[in-house]
Structure formats: structure tokens, C-alpha cells
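Peer 1: For reference, this is start.pdb, and it has PDB, C-alpha atoms.
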MODEL        1
ATOM      1  CA  MET A   1     166.810 125.717 104.553
ATOM      2  CA  SER A   2     164.751 123.888 107.137
ATOM      3  CA  LEU A   3     166.549 120.813 108.487
ATOM      4  CA  ASP A   4     165.453 117.969 110.728
ATOM      5  CA  PHE A   5     166.929 114.601 111.662
ATOM      6  CA  GLU A   6     165.521 111.514 113.298
ATOM      7  CA  SER A   7     168.116 109.250 114.866
ATOM      8  CA  THR A   8     168.764 106.078 116.849
ATOM      9  CA  GLY A   9     169.371 108.172 119.973
ATOM     10  CA  LEU A  10     170.993 111.329 121.301
ATOM     11  CA  ASP A  11     174.664 110.366 121.657
ATOM     12  CA  LEU A  12     176.796 112.099 119.017
ATOM     13  CA  SER A  13     179.541 109.491 119.192
ATOM     14  CA  THR A  14     177.481 106.301 119.045
ATOM     15  CA  ASP A  15     174.066 107.128 117.555
ATOM     16  CA  ARG A  16     173.269 107.608 113.880
ATOM     17  CA  VAL A  17     170.775 109.476 111.706
ATOM     18  CA  THR A  18     167.820 107.379 110.497
ATOM     19  CA  GLU A  19     165.869 110.013 108.568
ATOM     20  CA  VAL A  20     166.644 113.342 106.903
ATOM     21  CA  GLY A  21     164.157 116.093 106.218
ATOM     22  CA  ALA A  22     165.286 119.193 104.302
ATOM     23  CA  ILE A  23     163.303 121.956 102.622
ATOM     24  CA  LEU A  24     165.034 124.682 100.633
ATOM     25  CA  TYR A  25     162.743 127.665 101.099
ATOM     26  CA  SER A  26     162.781 131.132  99.540
ATOM     27  CA  THR A  27     161.650 133.881 101.908
ATOM     28  CA  ASN A  28     161.458 136.292  98.943
ATOM     29  CA  LEU A  29     159.159 134.025  96.920
ATOM     30  CA  ASP A  30     157.480 132.602 100.039
ATOM     31  CA  GLN A  31     157.601 129.049  98.752
ATOM     32  CA  ALA A  32     159.592 125.826  98.837
ATOM     33  CA  LEU A  33     162.110 125.364  96.033
ATOM     34  CA  GLU A  34     163.268 121.837  96.863
ATOM     35  CA  THR A  35     162.083 119.229  99.337
ATOM     36  CA  ALA A  36     163.947 116.086 100.344
ATOM     37  CA  GLY A  37     162.920 113.396 102.790
ATOM     38  CA  TYR A  38     164.608 110.024 102.968
ATOM     39  CA  LEU A  39     165.562 107.243 105.329
ATOM     40  CA  VAL A  40     169.185 106.468 106.148
ATOM     41  CA  ASN A  41     170.486 103.015 107.037
ATOM     42  CA  PRO A  42     172.257 103.562 110.395
ATOM     43  CA  GLU A  43     173.815 100.081 110.241
ATOM     44  CA  MET A  44     172.871  99.588 113.874
ATOM     45  CA  PRO A  45     169.639  98.559 115.615
ATOM     46  CA  ILE A  46     167.003 101.190 116.281
ATOM     47  CA  PRO A  47     165.924 100.947 119.942
ATOM     48  CA  VAL A  48     162.331  99.887 120.522
ATOM     49  CA  GLU A  49     161.524 103.098 122.406
ATOM     50  CA  VAL A  50     162.770 105.187 119.453
ATOM     51  CA  THR A  51     160.611 103.225 117.013
ATOM     52  CA  LYS A  52     157.614 103.865 119.262
ATOM     53  CA  LEU A  53     158.349 107.603 119.093
ATOM     54  CA  THR A  54     159.122 107.973 115.381
ATOM     55  CA  GLY A  55     157.486 104.960 113.737
ATOM     56  CA  ILE A  56     160.781 104.218 111.950
ATOM     57  CA  THR A  57     161.615 100.510 112.120
ATOM     58  CA  ASN A  58     164.724  98.458 111.463
ATOM     59  CA  GLY A  59     162.993  96.871 108.472
ATOM     60  CA  MET A  60     162.241 100.281 106.955
ATOM     61  CA  VAL A  61     165.826 101.549 107.067
ATOM     62  CA  LYS A  62     167.265  98.246 105.846
ATOM     63  CA  LYS A  63     164.942  98.135 102.827
ATOM     64  CA  PHE A  64     164.574 101.827 101.986
ATOM     65  CA  GLY A  65     167.435 103.598 103.769
ATOM     66  CA  LEU A  66     170.225 105.237 101.785
ATOM     67  CA  GLU A  67     173.828 104.345 102.475
ATOM     68  CA  SER A  68     175.365 106.806 104.934
ATOM     69  CA  LYS A  69     177.846 108.637 102.701
ATOM     70  CA  HIS A  70     175.421 108.967  99.807
ATOM     71  CA  ALA A  71     172.704 110.290 102.137
ATOM     72  CA  LEU A  72     175.093 112.855 103.618
ATOM     73  CA  GLN A  73     176.381 114.050 100.241
ATOM     74  CA  LYS A  74     172.806 114.465  99.021
ATOM     75  CA  LEU A  75     172.066 116.664 102.025
ATOM     76  CA  LEU A  76     175.267 118.698 101.755
ATOM     77  CA  ALA A  77     174.439 119.525  98.131
ATOM     78  CA  MET A  78     171.279 121.234  99.394
ATOM     79  CA  VAL A  79     173.138 122.996 102.193
ATOM     80  CA  GLU A  80     175.510 124.466  99.602
ATOM     81  CA  THR A  81     172.611 126.366  98.005
ATOM     82  CA  ALA A  82     171.167 127.684 101.293
ATOM     83  CA  ASP A  83     171.918 130.955 103.077
ATOM     84  CA  ALA A  84     170.935 129.623 106.502
ATOM     85  CA  LEU A  85     169.863 126.454 108.283
ATOM     86  CA  ILE A  86     166.767 126.613 110.463
ATOM     87  CA  GLY A  87     165.193 124.045 112.725
ATOM     88  CA  GLN A  88     163.691 123.245 116.103
ATOM     89  CA  ASN A  89     166.459 122.694 118.650
ATOM     90  CA  ILE A  90     168.864 122.656 115.717
ATOM     91  CA  LEU A  91     171.763 124.139 117.691
ATOM     92  CA  ARG A  92     171.589 121.454 120.335
ATOM     93  CA  PHE A  93     170.749 118.429 118.178
ATOM     94  CA  ASP A  94     170.716 118.593 114.377
ATOM     95  CA  VAL A  95     173.836 120.688 113.738
ATOM     96  CA  PRO A  96     176.022 118.684 116.165
ATOM     97  CA  PHE A  97     174.715 115.466 114.552
ATOM     98  CA  LEU A  98     175.433 116.851 111.086
ATOM     99  CA  ASN A  99     178.979 117.827 112.065
ATOM    100  CA  ALA A 100     179.631 114.439 113.678
ATOM    101  CA  TRP A 101     178.218 112.655 110.619
ATOM    102  CA  ALA A 102     180.387 114.697 108.265
ATOM    103  CA  ALA A 103     183.493 114.042 110.363
ATOM    104  CA  ARG A 104     182.916 110.279 110.186
ATOM    105  CA  GLU A 105     182.468 110.420 106.417
ATOM    106  CA  LYS A 106     185.361 112.871 105.943
ATOM    107  CA  GLU A 107     183.081 115.505 104.420
ATOM    108  CA  THR A 108     182.916 119.252 105.093
ATOM    109  CA  VAL A 109     179.801 121.091 106.229
ATOM    110  CA  PRO A 110     179.564 124.596 104.695
ATOM    111  CA  GLY A 111     179.405 127.361 107.276
ATOM    112  CA  ARG A 112     175.921 128.848 107.442
ATOM    113  CA  LEU A 113     173.878 131.050 109.754
ATOM    114  CA  ILE A 114     171.969 128.818 112.178
ATOM    115  CA  ILE A 115     168.437 129.836 113.178
ATOM    116  CA  ASP A 116     166.802 127.929 116.032
ATOM    117  CA  THR A 117     163.057 128.253 116.543
ATOM    118  CA  ARG A 118     163.588 127.548 120.247
ATOM    119  CA  THR A 119     165.459 130.843 120.673
ATOM    120  CA  ASP A 120     165.145 132.989 117.554
ATOM    121  CA  LEU A 121     161.429 133.701 117.091
ATOM    122  CA  PRO A 122     160.753 137.141 118.619
ATOM    123  CA  GLY A 123     158.359 137.047 121.559
ATOM    124  CA  VAL A 124     157.744 133.284 121.320
ATOM    125  CA  GLU A 125     158.163 131.069 124.374
ATOM    126  CA  SER A 126     160.493 128.124 123.851
ATOM    127  CA  LYS A 127     158.554 124.847 124.009
ATOM    128  CA  HIS A 128     158.301 121.465 122.334
ATOM    129  CA  LEU A 129     157.664 121.954 118.600
ATOM    130  CA  ASN A 130     154.138 120.524 118.758
ATOM    131  CA  TYR A 131     153.183 122.892 121.590
ATOM    132  CA  MET A 132     154.654 125.872 119.763
ATOM    133  CA  ALA A 133     152.596 124.967 116.702
ATOM    134  CA  ALA A 134     149.452 124.603 118.820
ATOM    135  CA  ASP A 135     150.091 127.988 120.435
ATOM    136  CA  ALA A 136     150.349 129.442 116.929
ATOM    137  CA  GLY A 137     146.988 127.930 115.953
ATOM    138  CA  PHE A 138     147.881 124.847 113.912
ATOM    139  CA  LEU A 139     148.960 121.225 114.359
ATOM    140  CA  ASN A 140     151.978 119.259 113.216
ATOM    141  CA  PRO A 141     150.288 116.391 111.308
ATOM    142  CA  PHE A 142     153.139 113.886 111.660
ATOM    143  CA  PRO A 143     155.261 114.622 114.754
ATOM    144  CA  HIS A 144     158.766 113.129 114.855
ATOM    145  CA  ARG A 145     158.907 112.619 111.112
ATOM    146  CA  ALA A 146     161.567 114.770 109.523
ATOM    147  CA  VAL A 147     159.782 116.470 106.619
ATOM    148  CA  ALA A 148     156.660 117.206 108.691
ATOM    149  CA  ASP A 149     158.801 118.805 111.386
ATOM    150  CA  CYS A 150     160.575 120.887 108.712
ATOM    151  CA  MET A 151     157.222 122.123 107.398
ATOM    152  CA  THR A 152     156.051 122.965 110.911
ATOM    153  CA  VAL A 153     159.207 124.988 111.527
ATOM    154  CA  LEU A 154     158.762 126.932 108.294
ATOM    155  CA  ARG A 155     155.156 127.735 109.112
ATOM    156  CA  LEU A 156     156.203 129.080 112.516
ATOM    157  CA  VAL A 157     158.898 131.231 110.949
ATOM    158  CA  ALA A 158     156.493 132.565 108.304
ATOM    159  CA  MET A 159     154.505 134.215 111.099
ATOM    160  CA  HIS A 160     157.411 136.584 111.799
ATOM    161  CA  ASN A 161     159.401 139.195 109.932
ATOM    162  CA  ILE A 162     162.385 137.244 108.626
ATOM    163  CA  ASP A 163     164.745 140.184 109.198
ATOM    164  CA  ASP A 164     163.820 140.185 112.901
ATOM    165  CA  VAL A 165     164.389 136.418 113.084
ATOM    166  CA  VAL A 166     167.788 136.711 111.406
ATOM    167  CA  ALA A 167     168.824 139.578 113.686
ATOM    168  CA  LEU A 168     167.969 137.524 116.775
ATOM    169  CA  ALA A 169     169.812 134.483 115.413
ATOM    170  CA  LYS A 170     172.949 136.586 114.968
ATOM    171  CA  GLU A 171     172.930 137.742 118.588
ATOM    172  CA  PRO A 172     175.281 135.995 121.022
ATOM    173  CA  THR A 173     173.707 133.394 123.296
ATOM    174  CA  ILE A 174     174.260 134.239 126.953
ATOM    175  CA  VAL A 175     174.104 131.791 129.857
ATOM    176  CA  LEU A 176     172.580 133.207 133.022
ATOM    177  CA  LEU A 177     173.091 131.493 136.371
ATOM    178  CA  SER A 178     170.554 131.783 139.147
ATOM    179  CA  GLN A 179     171.792 132.911 142.543
ATOM    180  CA  ALA A 180     168.667 131.639 144.290
ATOM    181  CA  SER A 181     169.038 129.724 147.539
ATOM    182  CA  ILE A 182     168.292 126.017 147.836
ATOM    183  CA  ASP A 183     164.891 126.833 149.289
ATOM    184  CA  GLU A 184     164.109 128.987 146.238
ATOM    185  CA  ARG A 185     164.693 126.332 143.582
ATOM    186  CA  HIS A 186     160.952 126.306 142.844
ATOM    187  CA  LEU A 187     161.391 129.894 141.655
ATOM    188  CA  CYS A 188     164.076 128.743 139.225
ATOM    189  CA  LYS A 189     161.798 126.049 137.827
ATOM    190  CA  ALA A 190     158.980 128.568 137.449
ATOM    191  CA  ARG A 191     161.213 130.763 135.255
ATOM    192  CA  LYS A 192     162.367 127.705 133.266
ATOM    193  CA  TYR A 193     165.923 127.550 134.576
ATOM    194  CA  GLN A 194     167.484 124.106 134.211
ATOM    195  CA  TRP A 195     169.528 122.252 136.816
ATOM    196  CA  ASN A 196     172.909 120.954 135.680
ATOM    197  CA  PRO A 197     174.218 118.339 138.120
ATOM    198  CA  ASP A 198     177.761 118.401 136.729
ATOM    199  CA  PHE A 199     178.262 122.120 137.290
ATOM    200  CA  LYS A 200     175.696 122.247 140.119
ATOM    201  CA  VAL A 201     173.996 125.344 138.732
ATOM    202  CA  TRP A 202     170.522 126.509 137.766
ATOM    203  CA  TRP A 203     170.966 128.015 134.320
ATOM    204  CA  LYS A 204     169.089 129.538 131.422
ATOM    205  CA  ALA A 205     170.291 130.401 127.917
ATOM    206  CA  MET A 206     168.972 133.473 126.138
ATOM    207  CA  LYS A 207     169.899 136.085 123.579
ATOM    208  CA  GLN A 208     171.975 139.072 124.634
ATOM    209  CA  SER A 209     169.108 141.528 124.170
ATOM    210  CA  GLN A 210     166.956 139.525 126.608
ATOM    211  CA  VAL A 211     169.383 139.534 129.537
ATOM    212  CA  ALA A 212     168.431 142.910 131.046
ATOM    213  CA  LYS A 213     164.723 142.017 131.065
ATOM    214  CA  GLU A 214     165.388 138.674 132.729
ATOM    215  CA  ALA A 215     167.635 140.247 135.358
ATOM    216  CA  ALA A 216     164.935 142.800 136.174
ATOM    217  CA  GLU A 217     162.069 140.290 136.347
ATOM    218  CA  ALA A 218     163.682 137.293 138.068
ATOM    219  CA  PRO A 219     162.782 137.089 141.803
ATOM    220  CA  PHE A 220     166.398 136.196 142.562
ATOM    221  CA  GLY A 221     169.830 137.439 141.583
ATOM    222  CA  VAL A 222     171.400 136.304 138.311
ATOM    223  CA  LYS A 223     174.862 136.498 136.846
ATOM    224  CA  ILE A 224     176.367 135.890 133.427
ATOM    225  CA  SER A 225     178.262 132.606 133.263
ATOM    226  CA  ASP A 226     181.469 131.839 131.419
ATOM    227  CA  ILE A 227     180.388 128.211 130.962
ATOM    228  CA  PRO A 228     179.758 127.658 127.212
ATOM    229  CA  VAL A 229     176.151 126.737 126.541
ATOM    230  CA  ASP A 230     177.147 123.606 124.627
ATOM    231  CA  ARG A 231     178.970 122.328 127.730
ATOM    232  CA  LEU A 232     175.731 122.641 129.675
ATOM    233  CA  TRP A 233     173.677 121.073 126.897
ATOM    234  CA  HIS A 234     175.901 118.066 126.412
ATOM    235  CA  SER A 235     177.305 117.372 129.891
ATOM    236  CA  LYS A 236     176.245 114.074 131.414
TER     237      LYS A 236
ENDMDL
END
In C-alpha cells, how does this file's structure come out?

Peer 2:
Amino acid sequence: MSLDFESTGLDLSTDRVTEVGAILYSTNLDQALETAGYLVNPEMPIPVEVTKLTGITNGMVKKFGLESKHALQKLLAMVETADALIGQNILRFDVPFLNAWAAREKETVPGRLIIDTRTDLPGVESKHLNYMAADAGFLNPFPHRAVADCMTVLRLVAMHNIDDVVALAKEPTIVLLSQASIDERHLCKARKYQWNPDFKVWWKAMKQSQVAKEAAEAPFGVKISDIPVDRLWHSK
């Protein structure tokens, strides 16, 4: 099932979902079985900068948004029928938001395989969803709207053997730390390592099968970190 949220912001504790997109898709039949897209009333103001990005206004969610618990239960009913959840940056954003939402509403999220198009499409460079679509030869018609993003994700996945995608998703995610000197930080940026100011490290997350290739190609030493990737993602 492809899943995408729009929200009032990025903070799991204070921000809320404003739109849900979910498409139950059969890889055997190669077609969508159920599609859901609906607004959710976050019962808090949507920041102006978020409205500029998504087009979702306070008036829209007040008039058309579902009440939080009902919206969540509607989504969880679809999750129950799915074998896996797939989305763009879903590990870092949508799944944590879903878990936080369920905890607030005292609901349980069924355990499912999580497939992230940022990391689990073989041979595809991780980029913004719109750029990944463009690289693949098509455009996302309505960026930052949940159902359109779900459709874009499914089209990207359809370009790959689903068994290869699933196998990559099941691999452990490894955090590599750069051992480059201060004067070599431009080399880290060039290989898409990220700087974390809390841990004071240049880091990059990848699948286990990709580690040897990265270690051989990087123009600096690397080492496997014991810092969990979610700590690096969500540190402030």
C-alpha cells in the first residue's frame, strides 16, 4: 500500500496530519484495488509557509477535514489488508507520524514491511520525489498532495522487479561515518554525506549490500557507526 501524509509541520509531538493519501495496490494484478484521499482536521492552525507548499488551507480542513480518530481508523482499516507500506521518505516521516498519531488516539498500527523509495529502489539515486520522477521520465502532476505523491511512488516502483525491491527493503540499514579531515568536508558533500551537529559527524545511511562499494569508492576512510539512523534523522 502506498502511503503519504501532508501535515502542519515536521515535529512528531506537536504537528498533526492534514491530508492522507493511500492506495492499496496489487503487484500481481498490476492495478489499484482501493484509493483513499481525504483531509484531516488537525485542530490547530496550518502555518502560512505550509499552505504555500501544499495548497491546503485552514478553511479547507475545517470544512472538509475528517475528525482525527475517524480519519485514523479509516486508514488503519486499509493497512490491515496490505502486505507492506511504501512511500517516499516513509521511514523518516510518514511511519513515525502514523505511530505518533495512533499513540495519541490509543490505536494500534499493524506491523508491516516498510519500503522506502529513497533507499529501496535498486540502482536509483535518492532524491526529492519530483526529481526522481523526472529522472524516470515522467512528472508528478500535483506535488505535495497526498494521493498524487502516492501515485508517483507506485509508478516509480513499477519500473523495478518487486522481488528486488522487497529484498532491498528487508536489508538492514547501515550508518557510515566519514573519517575525512575538516579540509575534506567538500568531499563528504560530493558523496551526499550529511553533517549532524549534535553528534558532530558526517554520515550516510545505506543498505548493508551497498557498504563495501561505498567504502571502496569514497576518497576518504569510512567506518560503520553504532548510532541508530533514527537518532541522526530526528536529532535537533

Peer 1: Give me the residues near Met206 of chain A as number ranges by chain, where near means some atom within 9 Å (using all atoms listed in the file) and where sequence neighbours in that chain fewer than 3 positions away do not count.

Peer 2: A: 119, 172-176, 209-211

Peer 1: What lies within 12 Å of Phe220 of chain A using all atoms listed in the file, ignoring chain neighbours under 5 positions off, as a list in words?

Peer 2: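 The residues satisfying every condition are Leu176, Leu177, Ser178, Gln179, Ala180, Ser181, Ile182, Asp183, Glu184, Arg185, His186, Leu187, Cys188, Ala190, Arg191, Tyr193, Trp202, Glu214 and Ala215 of chain A.
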
Peer 1: Please expand the PyMOL selection byres ((chain A and resi 73-82) around 12) into the concrete residues it hits in this file, giving the result as a VMD selection string.

Peer 2: chain A and resid 1 to 5 19 to 27 32 to 40 66 to 72 83 to 86 95 98 to 99 101 to 102 105 to 114

Peer 1: Would you output that residue set with C-alpha atoms, as a CSV table (one decimal), in the frame of the given file?

Peer 2:
chain,number,residue,atom,x,y,z
A,1,MET,CA,166.8,125.7,104.6
A,2,SER,CA,164.8,123.9,107.1
A,3,LEU,CA,166.5,120.8,108.5
A,4,ASP,CA,165.5,118.0,110.7
A,5,PHE,CA,166.9,114.6,111.7
A,19,GLU,CA,165.9,110.0,108.6
A,20,VAL,CA,166.6,113.3,106.9
A,21,GLY,CA,164.2,116.1,106.2
A,22,ALA,CA,165.3,119.2,104.3
A,23,ILE,CA,163.3,122.0,102.6
A,24,LEU,CA,165.0,124.7,100.6
A,25,TYR,CA,162.7,127.7,101.1
A,26,SER,CA,162.8,131.1,99.5
A,27,THR,CA,161.6,133.9,101.9
A,32,ALA,CA,159.6,125.8,98.8
A,33,LEU,CA,162.1,125.4,96.0
A,34,GLU,CA,163.3,121.8,96.9
A,35,THR,CA,162.1,119.2,99.3
A,36,ALA,CA,163.9,116.1,100.3
A,37,GLY,CA,162.9,113.4,102.8
A,38,TYR,CA,164.6,110.0,103.0
A,39,LEU,CA,165.6,107.2,105.3
A,40,VAL,CA,169.2,106.5,106.1
A,66,LEU,CA,170.2,105.2,101.8
A,67,GLU,CA,173.8,104.3,102.5
A,68,SER,CA,175.4,106.8,104.9
A,69,LYS,CA,177.8,108.6,102.7
A,70,HIS,CA,175.4,109.0,99.8
A,71,ALA,CA,172.7,110.3,102.1
A,72,LEU,CA,175.1,112.9,103.6
A,83,ASP,CA,171.9,131.0,103.1
A,84,ALA,CA,170.9,129.6,106.5
A,85,LEU,CA,169.9,126.5,108.3
A,86,ILE,CA,166.8,126.6,110.5
A,95,VAL,CA,173.8,120.7,113.7
A,98,LEU,CA,175.4,116.9,111.1
A,99,ASN,CA,179.0,117.8,112.1
A,101,TRP,CA,178.2,112.7,110.6
A,102,ALA,CA,180.4,114.7,108.3
A,105,GLU,CA,182.5,110.4,106.4
A,106,LYS,CA,185.4,112.9,105.9
A,107,GLU,CA,183.1,115.5,104.4
A,108,THR,CA,182.9,119.3,105.1
A,109,VAL,CA,179.8,121.1,106.2
A,110,PRO,CA,179.6,124.6,104.7
A,111,GLY,CA,179.4,127.4,107.3
A,112,ARG,CA,175.9,128.8,107.4
A,113,LEU,CA,173.9,131.0,109.8
A,114,ILE,CA,172.0,128.8,112.2

Peer 1: Got a sec: who's within 7 Å of Ser7 of chain A, counting all atoms listed in the file, leaving out chain neighbours fewer than 3 positions off, as a ChimeraX atom specification?

Peer 2: /A:15-19

Peer 1: For segment 122-139 of chain A, I'd like the enclosing box, axis-aligned and padded by 3 Å on every side, reported as AutoDock Vina command-line options with centre and edge lengths in Å to one decimal.

Peer 2:
--center_x 153.9 --center_y 128.8 --center_z 119.1 --size_x 19.8 --size_y 22.6 --size_z 16.5
